[in-house]
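**Student:** Provided herewith is a single structure, encoded as structure tokens, for subsequent inquiry.
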Amino acid sequence: MRKKLRQIYNEHDGKVSDKWTLYLEEWDLLFAPYRDLQIQLLEIGVQNGGSLEIWGKYFLKAEKIVGCDVDEKCRQLKYDDDRITVVVCDANSDDCENEILRQTPTFDIIIDDGSHKSSDVVRSFARYFPLLNDNGIYVVEDLHTSYWKDYEGGLHDPFSAIAFFKRLADVVNYEHWRNNKSRGSLLTAFEKNLRIEFEELELFKIHSIEFVNSLCIIKKLPYDRNDLGKRIIVGTDDWVTDEGRKLNGTLIQDFAHIVTDDAKLDVFELIASTNSLTSTITEREQAIQSLTAQAAEREHELNTQVAKREQAIQSLTAQAAERDALVQSLTAQVAERDQTVQTLTAQAAEREQAIQTLTAQVAEGEQTVQTLTAQSAEQSQENQTLINQLSQSQEEVLYYAMSKSWRYTRPLRKIMLFIRGKKNA
């Protein structure tokens, strides 16, 4: 009798392997149908590599057992079993997938015992489930981490790995949705969040989703094995109702049922709605804050303008008072100037009268000047005549003075002058 997995595990003395008790019991049930087949097995996450040795002992006819781990220390793992290969790389990278495909193009069993982070678990499923052969089985270990925050989980976290696999239960029952949506539409949020893609045909091949404590088992079968198929009714005694015979051979699609569009109840729709409302509330709060700030700025500006205007009014009032005082001063000056003008006008009138008097006097003076001028001309004429006569007399005197007789009679003239002087004395 062949040893069960639990016995093989307990007797193992090679590289270290770390598994929970429940796993060993479940795996005997899950893997028993594959034990005598020439399978290809992929295990993501191998740590010390002991599980690969155990799989080699359990699946004696396996053709290829591939282990994948991101830890560089795993390069030191060496195996006597040439069916076992370890690929050291990040399972969710294209390069790593290509390296795994170089070992074998497809697998019959895939076990995810990697980082256990929800994002890694879902990415790995999207990447490697298409590499699983029909009639293959995909096992995810340690799903208890889906409830822990450190592993991107939580009981109600919509993006946890356990939440993702719960959605696959609805994918299995796709033909009953009747809402004209694709299977992949249920996984759109994961696709966007993790930047992955799910092929509709691959989702169609999901035959069953089974949850065991900390385990999820996904079985893959051809398309024709996943439809509900025809209704089969057997037997002849129908004491309670005979309507069943009429339904024999019918399809589920033959029955008309009312399907309510409850898309708005989807957790991601609720999240989107909540986010939208939160965003709207945030935008409005920001708008209110902005308006409040603007109002405060405007109030400050208005207060500043009012203060400036009050200051301007005070300045204008002071200027008006100064101008009033200036006007009063100018008015007084104008009054003084009017008085001065009147005085000057009177003086001007007096001066005009004096000018007229002077003008008359000047006219009389001019008349006198004209008379005097005429008299002067006559006098000048007389003087000229006298001058002429005098000149003639002088010439005559000079002639006599220069004559000899004048010289001879000079002593006599002196005597005569002397005698005249005596007489006048």
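Ordered as shown in the structure tokens, chains take letters A, B, and onward, while each chain numbers its residues from 1 and ligands are numbered from 1 in the order shown.
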Contacts of Ile196 of chain A at 8 Å or less, counting only C-alpha atoms, minus same-chain residues fewer than 5 places along, as a PyMOL selection string?
**Tutor:** chain A and resi 123+126+190-191
**Student:** Could those residues be written to a file, using all heavy atoms, as an mmCIF file, in the first residue's frame?
**Tutor:**
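Written out: again_4.cif:
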```
data_model
loop_
_atom_site.group_PDB
_atom_site.id
_atom_site.type_symbol
_atom_site.label_atom_id
_atom_site.label_comp_id
_atom_site.auth_asym_id
_atom_site.auth_seq_id
_atom_site.Cartn_x
_atom_site.Cartn_y
_atom_site.Cartn_z
ATOM 1 N N ARG A 123 -2.316 38.749 -8.645
ATOM 2 C CA ARG A 123 -1.499 38.887 -9.862
ATOM 3 C C ARG A 123 -1.014 37.523 -10.351
ATOM 4 O O ARG A 123 -1.017 37.246 -11.550
ATOM 5 C CB ARG A 123 -0.300 39.802 -9.589
ATOM 6 C CG ARG A 123 -0.623 41.283 -9.497
ATOM 7 C CD ARG A 123 0.646 42.106 -9.533
ATOM 8 N NE ARG A 123 0.382 43.528 -9.427
ATOM 9 C CZ ARG A 123 0.527 44.245 -8.321
ATOM 10 N NH1 ARG A 123 0.936 43.634 -7.200
ATOM 11 N NH2 ARG A 123 0.267 45.528 -8.297
ATOM 12 N N ALA A 126 -3.826 35.667 -12.064
ATOM 13 C CA ALA A 126 -4.092 36.204 -13.400
ATOM 14 C C ALA A 126 -3.015 35.778 -14.392
ATOM 15 O O ALA A 126 -3.294 35.548 -15.583
ATOM 16 C CB ALA A 126 -4.172 37.728 -13.341
ATOM 17 N N PHE A 190 -10.291 44.941 -9.840
ATOM 18 C CA PHE A 190 -8.978 44.322 -9.602
ATOM 19 C C PHE A 190 -8.048 44.577 -10.783
ATOM 20 O O PHE A 190 -6.845 44.816 -10.592
ATOM 21 C CB PHE A 190 -9.132 42.817 -9.374
ATOM 22 C CG PHE A 190 -9.754 42.466 -8.060
ATOM 23 C CD1 PHE A 190 -11.128 42.293 -7.942
ATOM 24 C CD2 PHE A 190 -8.976 42.317 -6.924
ATOM 25 C CE1 PHE A 190 -11.707 41.973 -6.728
ATOM 26 C CE2 PHE A 190 -9.547 41.995 -5.692
ATOM 27 C CZ PHE A 190 -10.925 41.835 -5.590
ATOM 28 N N GLU A 191 -8.597 44.512 -11.980
ATOM 29 C CA GLU A 191 -7.783 44.760 -13.174
ATOM 30 C C GLU A 191 -7.198 46.171 -13.147
ATOM 31 O O GLU A 191 -6.010 46.369 -13.426
ATOM 32 C CB GLU A 191 -8.623 44.555 -14.436
ATOM 33 C CG GLU A 191 -8.990 43.107 -14.690
ATOM 34 C CD GLU A 191 -9.808 42.934 -15.952
ATOM 35 O OE1 GLU A 191 -10.670 43.803 -16.220
ATOM 36 O OE2 GLU A 191 -9.604 41.941 -16.673
#
```
**Student:** Excluding same-chain residues fewer than 5 positions from Cys216 of chain A, what lies within 6 Å of it counting only C-alpha atoms, as a PyMOL selection string?
**Tutor:** chain A and resi 139-140+210-211
**Student:** Go ahead and save the residues from that selection, with C-alpha atoms, as a PDB file, in the first residue's frame.
**Tutor:**
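Saved as out-v3.pdb:
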```
ATOM      1  CA  VAL A 139      -4.136  25.880  -4.965  1.00  0.00           C
ATOM      2  CA  VAL A 140      -3.578  29.019  -2.884  1.00  0.00           C
ATOM      3  CA  GLU A 210     -13.541  25.442  -2.884  1.00  0.00           C
ATOM      4  CA  PHE A 211     -12.580  27.081   0.390  1.00  0.00           C
TER       5      PHE A 211
END
```
**Student:** Rounded to one decimal in Å, what is the spacing between atom CA of Ile84 of chain A and atom CA of Ile65 of chain A?
**Tutor:**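 These two atoms are separated by 4.8 Å.
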**Student:** Could you check how far atom CA of Ala363 of chain A sits from atom CA of Glu382 of chain A, in Å to one decimal?
**Tutor:**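 Result for atom CA of Ala363 of chain A versus atom CA of Glu382 of chain A: 27.8 Å, one decimal.
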**Student:** Give me, as number ranges by chain, the residues of segment 197-267 of chain A that a backbone DSSP run labels strand (DSSP E).
**Tutor:** A: 206-212, 215-220
**Student:** I need the residues from that last selection saved to file as an mmCIF file, in the first residue's frame (with C-alpha atoms), if you can.
**Tutor:**
```cif
data_model
loop_
_atom_site.group_PDB
_atom_site.id
_atom_site.type_symbol
_atom_site.label_atom_id
_atom_site.label_comp_id
_atom_site.auth_asym_id
_atom_site.auth_seq_id
_atom_site.Cartn_x
_atom_site.Cartn_y
_atom_site.Cartn_z
ATOM 1 C CA ILE A 206 -13.243 27.807 -13.862
ATOM 2 C CA HIS A 207 -15.243 24.770 -12.823
ATOM 3 C CA SER A 208 -15.289 25.168 -9.048
ATOM 4 C CA ILE A 209 -14.053 27.266 -6.148
ATOM 5 C CA GLU A 210 -13.541 25.442 -2.884
ATOM 6 C CA PHE A 211 -12.580 27.081 0.390
ATOM 7 C CA VAL A 212 -10.938 25.159 3.201
ATOM 8 C CA LEU A 215 -6.857 27.250 1.417
ATOM 9 C CA CYS A 216 -8.604 28.021 -1.843
ATOM 10 C CA ILE A 217 -8.789 25.349 -4.556
ATOM 11 C CA ILE A 218 -9.745 26.301 -8.107
ATOM 12 C CA LYS A 219 -10.453 23.472 -10.559
ATOM 13 C CA LYS A 220 -10.171 24.029 -14.296
#
```
**Student:** Sorted by chain and rising residue number, which residues of segment 42-122 of chain A lie within 9 Å of segment 17-26 of chain A, and what are their closest atom pairs and distances in Å to one decimal, counting only C-alpha atoms, as JSON lines?
**Tutor:**
```
{"residue": "A:Val46", "atom": "CA", "partner": "A:Ser17", "partner_atom": "CA", "distance": 8.3}
{"residue": "A:Gln47", "atom": "CA", "partner": "A:Ser17", "partner_atom": "CA", "distance": 7.9}
{"residue": "A:Asn48", "atom": "CA", "partner": "A:Ser17", "partner_atom": "CA", "distance": 6.7}
{"residue": "A:Gly49", "atom": "CA", "partner": "A:Ser17", "partner_atom": "CA", "distance": 6.8}
{"residue": "A:Gly50", "atom": "CA", "partner": "A:Ser17", "partner_atom": "CA", "distance": 4.4}
{"residue": "A:Ser51", "atom": "CA", "partner": "A:Ser17", "partner_atom": "CA", "distance": 5.2}
{"residue": "A:Leu52", "atom": "CA", "partner": "A:Ser17", "partner_atom": "CA", "distance": 8.7}
{"residue": "A:Ile54", "atom": "CA", "partner": "A:Ser17", "partner_atom": "CA", "distance": 8.5}
```
**Student:** Contacts of Phe164 of chain A at 9 Å or less, counting only C-alpha atoms, minus same-chain residues fewer than 4 places along, as a count of residues only?
**Tutor:** 8
**Student:** So that I can check the secondary structure, give me every residue of segment 74-236 of chain A assigned helix (DSSP H, G or I) by backbone DSSP, as a count of residues only.
**Tutor:** 70
